[in-house]
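Chemist: Okay, here's the structure, questions in a sec.
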Amino acid sequence: MKIEFTKLHGCGNDYIYIDGSTQKLPQETKPDFVRKMSDRHFGIGGDGVIFINPSDEADFEMEMYNADGSRAQMCGNGIRCVAKFVYDKHLTDQTEITVVSAGSVKKLKLYVEDGQVKRVRVNMGRPILKASEIPVVAGTEQVLDLPVSVADRQWRMSCVSMGNPHAVVLAEDVESLPLAQIGPCFEQHPMFPERVNTEFIRIIDKNTIQLRVWERGSGETLACGTGCCAAVAACVLNGLTERNVTVRVLGGELQIEWEESTGEIFMTGPAETVFEGWVEYCR
């Protein structure tokens, strides 16, 4: 089967994008397809695969998979690239669109230069703080600045859901952290029944933080849009930053704003095309 694709990235968080309206894979084959295509040595290479489908709930549907073939609910960098894909490929001529993923509809504003989308602002909605809804197993209603022991070390952790679960962990030096060893310990920890994305953050000042992320099902990635939103929410709630924060990730910078009046978090950042082509897929 010949499959056409476009690879895009948001701050280095790269996915393989497929137009699901013209190319239809049987649902049961998608996890295998995703694992093969995401492989950086034997496939196209990426943090996962996103199918862009028609939708009755919104302008488009984002059907997202992690690199290990597991289904994911939301990706902030991924949804910005969905906006670039549909506009640049003339599937829409609107600069304000809606995209649904796992039942959650997001509103996006597209910033266009020379006929192509360069940046996208996304209303990521309100953060979920109730422990049972994140979900995280804890003896408290919320998990904020909780001391935990993981990978034989003590950490201060806050938990937030942005449609997917996040553990935000303070670290004095994020650059030297052995994330390949520590990340899986958080991801598979019994506190998190659906696994967890973990953001290790360093506070630079009241409006700037540095972040590295371990994403469930994908490992360390260069950026995580929902993780940046969760990190800012945790920082604000713990009195560490203001509500408008620049988040520095390995792949660049994202601007996160948590509006006090509405409780909604807005994320603004780039979306870029890497390359496109086609691939033969055989199970």
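We name chains A, B, ... following the order of the structure tokens; residues begin at 1 in each chain, and ligands are numbered from 1 as shown.
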Can you pull out the residues contacting A:Glu63? Cut-off 9 Å, using only C-alpha atoms, and skip same-chain residues under 2 positions away; I want them as a ChimeraX atom specification.
Modeler: /A:20,49-53,61,65,71-74,100-102
Chemist: For the residues in that selection, give me N, CA and C atoms as a PDB file, in the first residue's frame.
Modeler:
ATOM      1  N   GLY A  20      -6.252  11.752   6.322  1.00  0.00           N
ATOM      2  CA  GLY A  20      -7.150  10.617   6.491  1.00  0.00           C
ATOM      3  C   GLY A  20      -8.395  10.679   5.633  1.00  0.00           C
ATOM      4  N   VAL A  49       2.590   9.410  14.819  1.00  0.00           N
ATOM      5  CA  VAL A  49       1.862   9.637  13.562  1.00  0.00           C
ATOM      6  C   VAL A  49       0.534  10.305  13.891  1.00  0.00           C
ATOM      7  N   ILE A  50       0.157  11.280  13.082  1.00  0.00           N
ATOM      8  CA  ILE A  50      -1.123  11.969  13.245  1.00  0.00           C
ATOM      9  C   ILE A  50      -1.907  11.887  11.935  1.00  0.00           C
ATOM     10  N   PHE A  51      -3.115  11.323  12.026  1.00  0.00           N
ATOM     11  CA  PHE A  51      -4.031  11.282  10.893  1.00  0.00           C
ATOM     12  C   PHE A  51      -4.981  12.474  11.006  1.00  0.00           C
ATOM     13  N   ILE A  52      -5.142  13.209   9.913  1.00  0.00           N
ATOM     14  CA  ILE A  52      -6.032  14.368   9.889  1.00  0.00           C
ATOM     15  C   ILE A  52      -7.296  13.964   9.146  1.00  0.00           C
ATOM     16  N   ASN A  53      -8.404  13.872   9.879  1.00  0.00           N
ATOM     17  CA  ASN A  53      -9.637  13.298   9.360  1.00  0.00           C
ATOM     18  C   ASN A  53     -10.758  14.331   9.281  1.00  0.00           C
ATOM     19  N   GLU A  61     -10.443  16.556  12.449  1.00  0.00           N
ATOM     20  CA  GLU A  61     -10.114  15.702  13.579  1.00  0.00           C
ATOM     21  C   GLU A  61      -8.630  15.375  13.558  1.00  0.00           C
ATOM     22  N   TYR A  65      -1.206   9.221  17.455  1.00  0.00           N
ATOM     23  CA  TYR A  65      -0.584   8.032  18.028  1.00  0.00           C
ATOM     24  C   TYR A  65       0.848   8.342  18.450  1.00  0.00           C
ATOM     25  N   ARG A  71      -2.486   5.089  21.458  1.00  0.00           N
ATOM     26  CA  ARG A  71      -3.281   6.267  21.120  1.00  0.00           C
ATOM     27  C   ARG A  71      -3.062   7.350  22.168  1.00  0.00           C
ATOM     28  N   ALA A  72      -2.944   8.588  21.723  1.00  0.00           N
ATOM     29  CA  ALA A  72      -2.774   9.723  22.630  1.00  0.00           C
ATOM     30  C   ALA A  72      -3.962  10.664  22.471  1.00  0.00           C
ATOM     31  N   GLN A  73      -4.245  11.409  23.544  1.00  0.00           N
ATOM     32  CA  GLN A  73      -5.419  12.294  23.517  1.00  0.00           C
ATOM     33  C   GLN A  73      -5.120  13.646  22.905  1.00  0.00           C
ATOM     34  N   MET A  74      -3.951  14.213  23.206  1.00  0.00           N
ATOM     35  CA  MET A  74      -3.696  15.591  22.798  1.00  0.00           C
ATOM     36  C   MET A  74      -2.202  15.821  22.660  1.00  0.00           C
ATOM     37  N   VAL A 100     -10.706  18.748  16.638  1.00  0.00           N
ATOM     38  CA  VAL A 100     -11.104  17.874  17.729  1.00  0.00           C
ATOM     39  C   VAL A 100     -10.115  16.722  17.842  1.00  0.00           C
ATOM     40  N   SER A 101      -9.773  16.378  19.076  1.00  0.00           N
ATOM     41  CA  SER A 101      -8.918  15.220  19.340  1.00  0.00           C
ATOM     42  C   SER A 101      -9.441  14.516  20.577  1.00  0.00           C
ATOM     43  N   ALA A 102      -9.760  13.241  20.444  1.00  0.00           N
ATOM     44  CA  ALA A 102     -10.281  12.430  21.549  1.00  0.00           C
ATOM     45  C   ALA A 102     -11.467  13.112  22.230  1.00  0.00           C
TER      46      ALA A 102
END
Chemist: Find the residues around A:Asp19 up to 12 Å (only C-alpha atoms counted), leave out those fewer than 3 positions away in its own chain, and share them as a PDB file with all heavy atoms, in the first residue's frame.
Modeler:
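Result file follows (part.pdb):
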ATOM      1  N   ILE A   3       1.473   5.032   0.750  1.00  0.00           N
ATOM      2  CA  ILE A   3       0.947   6.046   1.650  1.00  0.00           C
ATOM      3  C   ILE A   3       1.729   7.340   1.480  1.00  0.00           C
ATOM      4  O   ILE A   3       2.955   7.356   1.614  1.00  0.00           O
ATOM      5  CB  ILE A   3       1.029   5.590   3.118  1.00  0.00           C
ATOM      6  CG1 ILE A   3       0.264   4.282   3.339  1.00  0.00           C
ATOM      7  CG2 ILE A   3       0.509   6.684   4.048  1.00  0.00           C
ATOM      8  CD1 ILE A   3      -1.221   4.401   3.164  1.00  0.00           C
ATOM      9  N   GLU A   4       1.026   8.427   1.171  1.00  0.00           N
ATOM     10  CA  GLU A   4       1.662   9.739   1.102  1.00  0.00           C
ATOM     11  C   GLU A   4       1.659  10.379   2.487  1.00  0.00           C
ATOM     12  O   GLU A   4       0.703  10.214   3.245  1.00  0.00           O
ATOM     13  CB  GLU A   4       0.923  10.628   0.100  1.00  0.00           C
ATOM     14  CG  GLU A   4       1.005  10.122  -1.335  1.00  0.00           C
ATOM     15  CD  GLU A   4       0.272  11.017  -2.309  1.00  0.00           C
ATOM     16  OE1 GLU A   4      -0.415  11.962  -1.835  1.00  0.00           O
ATOM     17  OE2 GLU A   4       0.368  10.787  -3.519  1.00  0.00           O
ATOM     18  N   PHE A   5       2.726  11.102   2.801  1.00  0.00           N
ATOM     19  CA  PHE A   5       2.856  11.692   4.123  1.00  0.00           C
ATOM     20  C   PHE A   5       3.557  13.040   4.042  1.00  0.00           C
ATOM     21  O   PHE A   5       4.226  13.358   3.059  1.00  0.00           O
ATOM     22  CB  PHE A   5       3.657  10.766   5.058  1.00  0.00           C
ATOM     23  CG  PHE A   5       5.117  10.670   4.686  1.00  0.00           C
ATOM     24  CD1 PHE A   5       6.046  11.566   5.209  1.00  0.00           C
ATOM     25  CD2 PHE A   5       5.571   9.704   3.796  1.00  0.00           C
ATOM     26  CE1 PHE A   5       7.385  11.509   4.855  1.00  0.00           C
ATOM     27  CE2 PHE A   5       6.903   9.640   3.432  1.00  0.00           C
ATOM     28  CZ  PHE A   5       7.816  10.540   3.975  1.00  0.00           C
ATOM     29  N   THR A   6       3.416  13.810   5.101  1.00  0.00           N
ATOM     30  CA  THR A   6       4.189  15.028   5.303  1.00  0.00           C
ATOM     31  C   THR A   6       4.733  14.984   6.720  1.00  0.00           C
ATOM     32  O   THR A   6       3.994  14.673   7.661  1.00  0.00           O
ATOM     33  CB  THR A   6       3.334  16.290   5.127  1.00  0.00           C
ATOM     34  OG1 THR A   6       2.766  16.295   3.811  1.00  0.00           O
ATOM     35  CG2 THR A   6       4.176  17.550   5.320  1.00  0.00           C
ATOM     36  N   LYS A   7       6.008  15.263   6.858  1.00  0.00           N
ATOM     37  CA  LYS A   7       6.594  15.332   8.196  1.00  0.00           C
ATOM     38  C   LYS A   7       6.710  16.802   8.596  1.00  0.00           C
ATOM     39  O   LYS A   7       7.245  17.613   7.856  1.00  0.00           O
ATOM     40  CB  LYS A   7       7.959  14.660   8.238  1.00  0.00           C
ATOM     41  CG  LYS A   7       8.561  14.630   9.640  1.00  0.00           C
ATOM     42  CD  LYS A   7       9.845  13.811   9.673  1.00  0.00           C
ATOM     43  CE  LYS A   7      10.499  13.903  11.035  1.00  0.00           C
ATOM     44  NZ  LYS A   7      11.731  13.111  11.136  1.00  0.00           N
ATOM     45  N   ILE A  16       4.575  12.447  11.831  1.00  0.00           N
ATOM     46  CA  ILE A  16       4.261  12.105  10.442  1.00  0.00           C
ATOM     47  C   ILE A  16       2.768  12.345  10.262  1.00  0.00           C
ATOM     48  O   ILE A  16       1.946  11.792  11.015  1.00  0.00           O
ATOM     49  CB  ILE A  16       4.621  10.630  10.165  1.00  0.00           C
ATOM     50  CG1 ILE A  16       6.123  10.400  10.407  1.00  0.00           C
ATOM     51  CG2 ILE A  16       4.213  10.231   8.760  1.00  0.00           C
ATOM     52  CD1 ILE A  16       6.468   8.976  10.766  1.00  0.00           C
ATOM     53  N   THR A  22      -8.300  11.137   2.370  1.00  0.00           N
ATOM     54  CA  THR A  22      -7.970  10.536   1.068  1.00  0.00           C
ATOM     55  C   THR A  22      -7.225   9.219   1.198  1.00  0.00           C
ATOM     56  O   THR A  22      -7.168   8.455   0.233  1.00  0.00           O
ATOM     57  CB  THR A  22      -7.113  11.509   0.242  1.00  0.00           C
ATOM     58  OG1 THR A  22      -5.905  11.804   0.964  1.00  0.00           O
ATOM     59  CG2 THR A  22      -7.859  12.793  -0.039  1.00  0.00           C
ATOM     60  N   GLN A  23      -6.655   8.958   2.371  1.00  0.00           N
ATOM     61  CA  GLN A  23      -5.898   7.721   2.574  1.00  0.00           C
ATOM     62  C   GLN A  23      -6.418   7.028   3.826  1.00  0.00           C
ATOM     63  O   GLN A  23      -6.258   7.546   4.930  1.00  0.00           O
ATOM     64  CB  GLN A  23      -4.404   8.027   2.712  1.00  0.00           C
ATOM     65  CG  GLN A  23      -3.841   8.746   1.496  1.00  0.00           C
ATOM     66  CD  GLN A  23      -2.354   8.927   1.596  1.00  0.00           C
ATOM     67  OE1 GLN A  23      -1.572   8.166   1.040  1.00  0.00           O
ATOM     68  NE2 GLN A  23      -1.955   9.929   2.353  1.00  0.00           N
ATOM     69  N   LYS A  24      -7.006   5.866   3.634  1.00  0.00           N
ATOM     70  CA  LYS A  24      -7.677   5.184   4.732  1.00  0.00           C
ATOM     71  C   LYS A  24      -6.992   3.853   5.015  1.00  0.00           C
ATOM     72  O   LYS A  24      -6.976   2.962   4.165  1.00  0.00           O
ATOM     73  CB  LYS A  24      -9.156   4.977   4.408  1.00  0.00           C
ATOM     74  CG  LYS A  24      -9.894   6.292   4.157  1.00  0.00           C
ATOM     75  CD  LYS A  24     -11.376   6.063   3.952  1.00  0.00           C
ATOM     76  CE  LYS A  24     -12.089   7.365   3.602  1.00  0.00           C
ATOM     77  NZ  LYS A  24     -11.976   8.372   4.652  1.00  0.00           N
ATOM     78  N   LEU A  25      -6.414   3.758   6.212  1.00  0.00           N
ATOM     79  CA  LEU A  25      -5.864   2.501   6.678  1.00  0.00           C
ATOM     80  C   LEU A  25      -6.880   1.820   7.581  1.00  0.00           C
ATOM     81  O   LEU A  25      -7.558   2.497   8.359  1.00  0.00           O
ATOM     82  CB  LEU A  25      -4.569   2.711   7.478  1.00  0.00           C
ATOM     83  CG  LEU A  25      -3.265   2.862   6.706  1.00  0.00           C
ATOM     84  CD1 LEU A  25      -3.151   4.286   6.169  1.00  0.00           C
ATOM     85  CD2 LEU A  25      -2.081   2.538   7.589  1.00  0.00           C
ATOM     86  N   VAL A  49       2.590   9.410  14.819  1.00  0.00           N
ATOM     87  CA  VAL A  49       1.862   9.637  13.562  1.00  0.00           C
ATOM     88  C   VAL A  49       0.534  10.305  13.891  1.00  0.00           C
ATOM     89  O   VAL A  49      -0.128   9.947  14.875  1.00  0.00           O
ATOM     90  CB  VAL A  49       1.615   8.317  12.807  1.00  0.00           C
ATOM     91  CG1 VAL A  49       0.758   8.556  11.563  1.00  0.00           C
ATOM     92  CG2 VAL A  49       2.941   7.669  12.417  1.00  0.00           C
ATOM     93  N   ILE A  50       0.157  11.280  13.082  1.00  0.00           N
ATOM     94  CA  ILE A  50      -1.123  11.969  13.245  1.00  0.00           C
ATOM     95  C   ILE A  50      -1.907  11.887  11.935  1.00  0.00           C
ATOM     96  O   ILE A  50      -1.414  12.302  10.877  1.00  0.00           O
ATOM     97  CB  ILE A  50      -0.917  13.436  13.662  1.00  0.00           C
ATOM     98  CG1 ILE A  50      -0.339  13.492  15.084  1.00  0.00           C
ATOM     99  CG2 ILE A  50      -2.224  14.219  13.572  1.00  0.00           C
ATOM    100  CD1 ILE A  50       0.003  14.879  15.568  1.00  0.00           C
ATOM    101  N   PHE A  51      -3.115  11.323  12.026  1.00  0.00           N
ATOM    102  CA  PHE A  51      -4.031  11.282  10.893  1.00  0.00           C
ATOM    103  C   PHE A  51      -4.981  12.474  11.006  1.00  0.00           C
ATOM    104  O   PHE A  51      -5.542  12.731  12.080  1.00  0.00           O
ATOM    105  CB  PHE A  51      -4.837   9.979  10.891  1.00  0.00           C
ATOM    106  CG  PHE A  51      -3.999   8.737  10.747  1.00  0.00           C
ATOM    107  CD1 PHE A  51      -3.462   8.103  11.864  1.00  0.00           C
ATOM    108  CD2 PHE A  51      -3.740   8.216   9.494  1.00  0.00           C
ATOM    109  CE1 PHE A  51      -2.689   6.963  11.740  1.00  0.00           C
ATOM    110  CE2 PHE A  51      -2.960   7.067   9.357  1.00  0.00           C
ATOM    111  CZ  PHE A  51      -2.436   6.447  10.480  1.00  0.00           C
ATOM    112  N   ILE A  52      -5.142  13.209   9.913  1.00  0.00           N
ATOM    113  CA  ILE A  52      -6.032  14.368   9.889  1.00  0.00           C
ATOM    114  C   ILE A  52      -7.296  13.964   9.146  1.00  0.00           C
ATOM    115  O   ILE A  52      -7.269  13.719   7.933  1.00  0.00           O
ATOM    116  CB  ILE A  52      -5.349  15.572   9.220  1.00  0.00           C
ATOM    117  CG1 ILE A  52      -4.047  15.914   9.961  1.00  0.00           C
ATOM    118  CG2 ILE A  52      -6.284  16.776   9.199  1.00  0.00           C
ATOM    119  CD1 ILE A  52      -3.206  16.961   9.287  1.00  0.00           C
ATOM    120  N   ASN A  53      -8.404  13.872   9.879  1.00  0.00           N
ATOM    121  CA  ASN A  53      -9.637  13.298   9.360  1.00  0.00           C
ATOM    122  C   ASN A  53     -10.758  14.331   9.281  1.00  0.00           C
ATOM    123  O   ASN A  53     -10.723  15.350   9.978  1.00  0.00           O
ATOM    124  CB  ASN A  53     -10.102  12.148  10.262  1.00  0.00           C
ATOM    125  CG  ASN A  53      -9.034  11.086  10.450  1.00  0.00           C
ATOM    126  OD1 ASN A  53      -8.315  10.758   9.519  1.00  0.00           O
ATOM    127  ND2 ASN A  53      -8.941  10.538  11.652  1.00  0.00           N
ATOM    128  N   PRO A  54     -11.780  14.066   8.466  1.00  0.00           N
ATOM    129  CA  PRO A  54     -12.988  14.892   8.507  1.00  0.00           C
ATOM    130  C   PRO A  54     -13.662  14.745   9.865  1.00  0.00           C
ATOM    131  O   PRO A  54     -13.458  13.762  10.582  1.00  0.00           O
ATOM    132  CB  PRO A  54     -13.857  14.306   7.388  1.00  0.00           C
ATOM    133  CG  PRO A  54     -12.925  13.485   6.550  1.00  0.00           C
ATOM    134  CD  PRO A  54     -11.850  12.995   7.459  1.00  0.00           C
ATOM    135  N   PHE A  60     -11.754  19.829  11.623  1.00  0.00           N
ATOM    136  CA  PHE A  60     -10.916  18.655  11.358  1.00  0.00           C
ATOM    137  C   PHE A  60     -10.781  17.841  12.637  1.00  0.00           C
ATOM    138  O   PHE A  60     -10.948  18.366  13.743  1.00  0.00           O
ATOM    139  CB  PHE A  60      -9.518  19.076  10.871  1.00  0.00           C
ATOM    140  CG  PHE A  60      -9.534  19.896   9.621  1.00  0.00           C
ATOM    141  CD1 PHE A  60      -9.518  21.288   9.691  1.00  0.00           C
ATOM    142  CD2 PHE A  60      -9.569  19.301   8.367  1.00  0.00           C
ATOM    143  CE1 PHE A  60      -9.539  22.064   8.544  1.00  0.00           C
ATOM    144  CE2 PHE A  60      -9.597  20.065   7.208  1.00  0.00           C
ATOM    145  CZ  PHE A  60      -9.582  21.451   7.298  1.00  0.00           C
ATOM    146  N   GLU A  61     -10.443  16.556  12.449  1.00  0.00           N
ATOM    147  CA  GLU A  61     -10.114  15.702  13.579  1.00  0.00           C
ATOM    148  C   GLU A  61      -8.630  15.375  13.558  1.00  0.00           C
ATOM    149  O   GLU A  61      -8.060  15.093  12.499  1.00  0.00           O
ATOM    150  CB  GLU A  61     -10.888  14.386  13.556  1.00  0.00           C
ATOM    151  CG  GLU A  61     -10.563  13.503  14.764  1.00  0.00           C
ATOM    152  CD  GLU A  61     -10.899  12.031  14.583  1.00  0.00           C
ATOM    153  OE1 GLU A  61     -10.995  11.568  13.433  1.00  0.00           O
ATOM    154  OE2 GLU A  61     -11.038  11.336  15.602  1.00  0.00           O
ATOM    155  N   MET A  62      -7.990  15.411  14.729  1.00  0.00           N
ATOM    156  CA  MET A  62      -6.611  14.963  14.896  1.00  0.00           C
ATOM    157  C   MET A  62      -6.642  13.591  15.577  1.00  0.00           C
ATOM    158  O   MET A  62      -7.018  13.484  16.740  1.00  0.00           O
ATOM    159  CB  MET A  62      -5.811  15.955  15.741  1.00  0.00           C
ATOM    160  CG  MET A  62      -4.376  15.521  15.996  1.00  0.00           C
ATOM    161  SD  MET A  62      -3.354  16.790  16.830  1.00  0.00           S
ATOM    162  CE  MET A  62      -3.889  16.572  18.537  1.00  0.00           C
ATOM    163  N   GLU A  63      -6.274  12.564  14.837  1.00  0.00           N
ATOM    164  CA  GLU A  63      -6.191  11.197  15.381  1.00  0.00           C
ATOM    165  C   GLU A  63      -4.712  10.899  15.611  1.00  0.00           C
ATOM    166  O   GLU A  63      -3.968  10.646  14.674  1.00  0.00           O
ATOM    167  CB  GLU A  63      -6.809  10.192  14.410  1.00  0.00           C
ATOM    168  CG  GLU A  63      -6.788   8.768  14.904  1.00  0.00           C
ATOM    169  CD  GLU A  63      -7.270   7.775  13.856  1.00  0.00           C
ATOM    170  OE1 GLU A  63      -7.735   8.207  12.777  1.00  0.00           O
ATOM    171  OE2 GLU A  63      -7.162   6.558  14.106  1.00  0.00           O
ATOM    172  N   VAL A  82      -1.057  20.446  12.632  1.00  0.00           N
ATOM    173  CA  VAL A  82      -2.296  20.126  11.913  1.00  0.00           C
ATOM    174  C   VAL A  82      -2.815  21.382  11.217  1.00  0.00           C
ATOM    175  O   VAL A  82      -3.212  21.359  10.047  1.00  0.00           O
ATOM    176  CB  VAL A  82      -3.364  19.561  12.877  1.00  0.00           C
ATOM    177  CG1 VAL A  82      -4.732  19.521  12.194  1.00  0.00           C
ATOM    178  CG2 VAL A  82      -2.961  18.168  13.347  1.00  0.00           C
ATOM    179  N   PHE A  85      -0.715  22.112   8.193  1.00  0.00           N
ATOM    180  CA  PHE A  85      -0.982  21.130   7.141  1.00  0.00           C
ATOM    181  C   PHE A  85      -2.246  21.493   6.373  1.00  0.00           C
ATOM    182  O   PHE A  85      -2.238  21.559   5.135  1.00  0.00           O
ATOM    183  CB  PHE A  85      -1.113  19.740   7.776  1.00  0.00           C
ATOM    184  CG  PHE A  85      -1.327  18.613   6.801  1.00  0.00           C
ATOM    185  CD1 PHE A  85      -0.282  17.786   6.441  1.00  0.00           C
ATOM    186  CD2 PHE A  85      -2.581  18.363   6.253  1.00  0.00           C
ATOM    187  CE1 PHE A  85      -0.477  16.728   5.554  1.00  0.00           C
ATOM    188  CE2 PHE A  85      -2.792  17.320   5.359  1.00  0.00           C
ATOM    189  CZ  PHE A  85      -1.732  16.502   5.011  1.00  0.00           C
ATOM    190  N   VAL A  86      -3.344  21.740   7.085  1.00  0.00           N
ATOM    191  CA  VAL A  86      -4.616  21.937   6.390  1.00  0.00           C
ATOM    192  C   VAL A  86      -4.653  23.271   5.652  1.00  0.00           C
ATOM    193  O   VAL A  86      -5.302  23.380   4.603  1.00  0.00           O
ATOM    194  CB  VAL A  86      -5.811  21.814   7.364  1.00  0.00           C
ATOM    195  CG1 VAL A  86      -5.860  20.413   7.967  1.00  0.00           C
ATOM    196  CG2 VAL A  86      -5.791  22.873   8.463  1.00  0.00           C
ATOM    197  N   LYS A  89      -1.975  23.118   2.558  1.00  0.00           N
ATOM    198  CA  LYS A  89      -2.426  22.192   1.512  1.00  0.00           C
ATOM    199  C   LYS A  89      -3.818  22.560   0.994  1.00  0.00           C
ATOM    200  O   LYS A  89      -4.452  21.763   0.283  1.00  0.00           O
ATOM    201  CB  LYS A  89      -2.383  20.753   2.028  1.00  0.00           C
ATOM    202  CG  LYS A  89      -0.962  20.252   2.234  1.00  0.00           C
ATOM    203  CD  LYS A  89      -0.920  18.775   2.534  1.00  0.00           C
ATOM    204  CE  LYS A  89       0.520  18.277   2.561  1.00  0.00           C
ATOM    205  NZ  LYS A  89       1.164  18.364   1.241  1.00  0.00           N
ATOM    206  N   LEU A  91      -6.713  22.792   2.348  1.00  0.00           N
ATOM    207  CA  LEU A  91      -7.898  22.105   2.839  1.00  0.00           C
ATOM    208  C   LEU A  91      -8.825  23.081   3.557  1.00  0.00           C
ATOM    209  O   LEU A  91      -9.982  22.763   3.824  1.00  0.00           O
ATOM    210  CB  LEU A  91      -7.493  20.966   3.781  1.00  0.00           C
ATOM    211  CG  LEU A  91      -6.574  19.892   3.175  1.00  0.00           C
ATOM    212  CD1 LEU A  91      -6.245  18.827   4.203  1.00  0.00           C
ATOM    213  CD2 LEU A  91      -7.205  19.272   1.936  1.00  0.00           C
TER     214      LEU A  91
END
Chemist: When distances are computed from only C-alpha atoms, which of A:Arg195, A:Arg40, A:Arg243, A:Arg80 shows the smallest separation from A:Gly225?
Modeler: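 Looking at the shortest contact to A:Gly225, the residue is A:Arg80.
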Chemist: Quick check for you: according to DSSP on this backbone, which residues of stretch 57-260 of chain A are classed as strand (DSSP E)? Reply as JSON, numbers by chain.
Modeler: {"A": [60, 61, 62, 63, 64, 65, 66, 71, 72, 96, 97, 98, 99, 100, 101, 104, 105, 106, 107, 108, 109, 110, 111, 112, 113, 116, 117, 118, 119, 120, 121, 122, 123, 124, 125, 146, 147, 148, 149, 150, 153, 154, 155, 156, 157, 158, 159, 160, 161, 165, 166, 167, 168, 169, 170, 197, 198, 199, 200, 201, 202, 203, 204, 205, 208, 209, 210, 211, 212, 213, 214, 215, 219, 220, 221, 244, 245, 246, 247, 248, 249, 252, 253, 254, 255, 256, 257, 258]}
Chemist: Neighbouring residues of A:Ile97 were defined as those with any atom within 9 Å, considering only C-alpha atoms; residues of the same chain fewer than 5 positions away were excluded. Please report them as a short mmCIF file (atom, residue, chain, number, x, y, z; two decimals) with all heavy atoms, in the first residue's frame.
Modeler:
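Below is the file that was written, part.cif:
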data_model
loop_
_atom_site.label_atom_id
_atom_site.label_comp_id
_atom_site.auth_asym_id
_atom_site.auth_seq_id
_atom_site.Cartn_x
_atom_site.Cartn_y
_atom_site.Cartn_z
N ALA A 58 -15.97 19.37 14.51
CA ALA A 58 -15.05 20.50 14.30
C ALA A 58 -14.69 20.55 12.82
O ALA A 58 -15.17 19.76 12.01
CB ALA A 58 -13.81 20.33 15.16
N ASP A 59 -13.81 21.49 12.47
CA ASP A 59 -13.37 21.58 11.08
C ASP A 59 -12.55 20.35 10.68
O ASP A 59 -12.65 19.88 9.54
CB ASP A 59 -12.54 22.85 10.89
CG ASP A 59 -13.36 24.11 11.10
OD1 ASP A 59 -14.52 24.15 10.64
OD2 ASP A 59 -12.85 25.04 11.75
N PHE A 60 -11.75 19.83 11.62
CA PHE A 60 -10.92 18.66 11.36
C PHE A 60 -10.78 17.84 12.64
O PHE A 60 -10.95 18.37 13.74
CB PHE A 60 -9.52 19.08 10.87
CG PHE A 60 -9.53 19.90 9.62
CD1 PHE A 60 -9.52 21.29 9.69
CD2 PHE A 60 -9.57 19.30 8.37
CE1 PHE A 60 -9.54 22.06 8.54
CE2 PHE A 60 -9.60 20.06 7.21
CZ PHE A 60 -9.58 21.45 7.30
N ALA A 83 -2.78 22.51 11.94
CA ALA A 83 -3.25 23.78 11.37
C ALA A 83 -2.42 24.15 10.14
O ALA A 83 -2.96 24.59 9.12
CB ALA A 83 -3.18 24.88 12.42
N THR A 92 -8.31 24.28 3.86
CA THR A 92 -9.10 25.38 4.38
C THR A 92 -8.45 26.69 3.99
O THR A 92 -7.23 26.72 3.74
CB THR A 92 -9.22 25.32 5.92
OG1 THR A 92 -10.07 26.39 6.37
CG2 THR A 92 -7.86 25.48 6.59
N LYS A 106 -10.53 22.10 20.15
CA LYS A 106 -9.65 23.24 20.40
C LYS A 106 -9.83 24.29 19.31
O LYS A 106 -10.03 23.96 18.13
CB LYS A 106 -8.18 22.81 20.44
CG LYS A 106 -7.87 21.70 21.43
CD LYS A 106 -8.19 22.08 22.86
CE LYS A 106 -7.80 20.99 23.84
NZ LYS A 106 -8.34 21.25 25.20
N LYS A 107 -9.72 25.56 19.72
CA LYS A 107 -9.79 26.68 18.77
C LYS A 107 -8.37 27.15 18.47
O LYS A 107 -7.58 27.37 19.39
CB LYS A 107 -10.63 27.81 19.34
CG LYS A 107 -12.09 27.44 19.57
CD LYS A 107 -12.87 28.61 20.16
CE LYS A 107 -14.32 28.24 20.40
NZ LYS A 107 -15.09 29.35 20.99
N LEU A 108 -8.07 27.35 17.19
CA LEU A 108 -6.72 27.72 16.76
C LEU A 108 -6.76 28.98 15.91
O LEU A 108 -7.65 29.16 15.06
CB LEU A 108 -6.08 26.59 15.94
CG LEU A 108 -5.77 25.28 16.65
CD1 LEU A 108 -7.01 24.40 16.78
CD2 LEU A 108 -4.69 24.50 15.90
N LYS A 109 -5.78 29.84 16.13
CA LYS A 109 -5.60 31.04 15.30
C LYS A 109 -4.29 30.89 14.54
O LYS A 109 -3.24 30.66 15.13
CB LYS A 109 -5.57 32.30 16.15
CG LYS A 109 -5.46 33.58 15.33
CD LYS A 109 -5.58 34.83 16.20
CE LYS A 109 -5.51 36.09 15.35
NZ LYS A 109 -5.66 37.31 16.19
N LEU A 110 -4.36 31.03 13.21
CA LEU A 110 -3.21 30.80 12.34
C LEU A 110 -2.60 32.13 11.94
O LEU A 110 -3.32 33.05 11.52
CB LEU A 110 -3.63 30.03 11.09
CG LEU A 110 -4.00 28.54 11.22
CD1 LEU A 110 -5.09 28.28 12.26
CD2 LEU A 110 -4.43 27.99 9.86
#
Chemist: Find the residues around A:Asn13 up to 8 Å (only C-alpha atoms counted), leave out those fewer than 5 positions away in its own chain, and share them as a ChimeraX atom specification.
Modeler: /A:47,77-78,221-224,251
Chemist: Hey, can you check how far atom CA of A:Ser149 sits from atom CA of A:Glu175?
Modeler: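 Here the two named atoms are 20.4 Å from each other.
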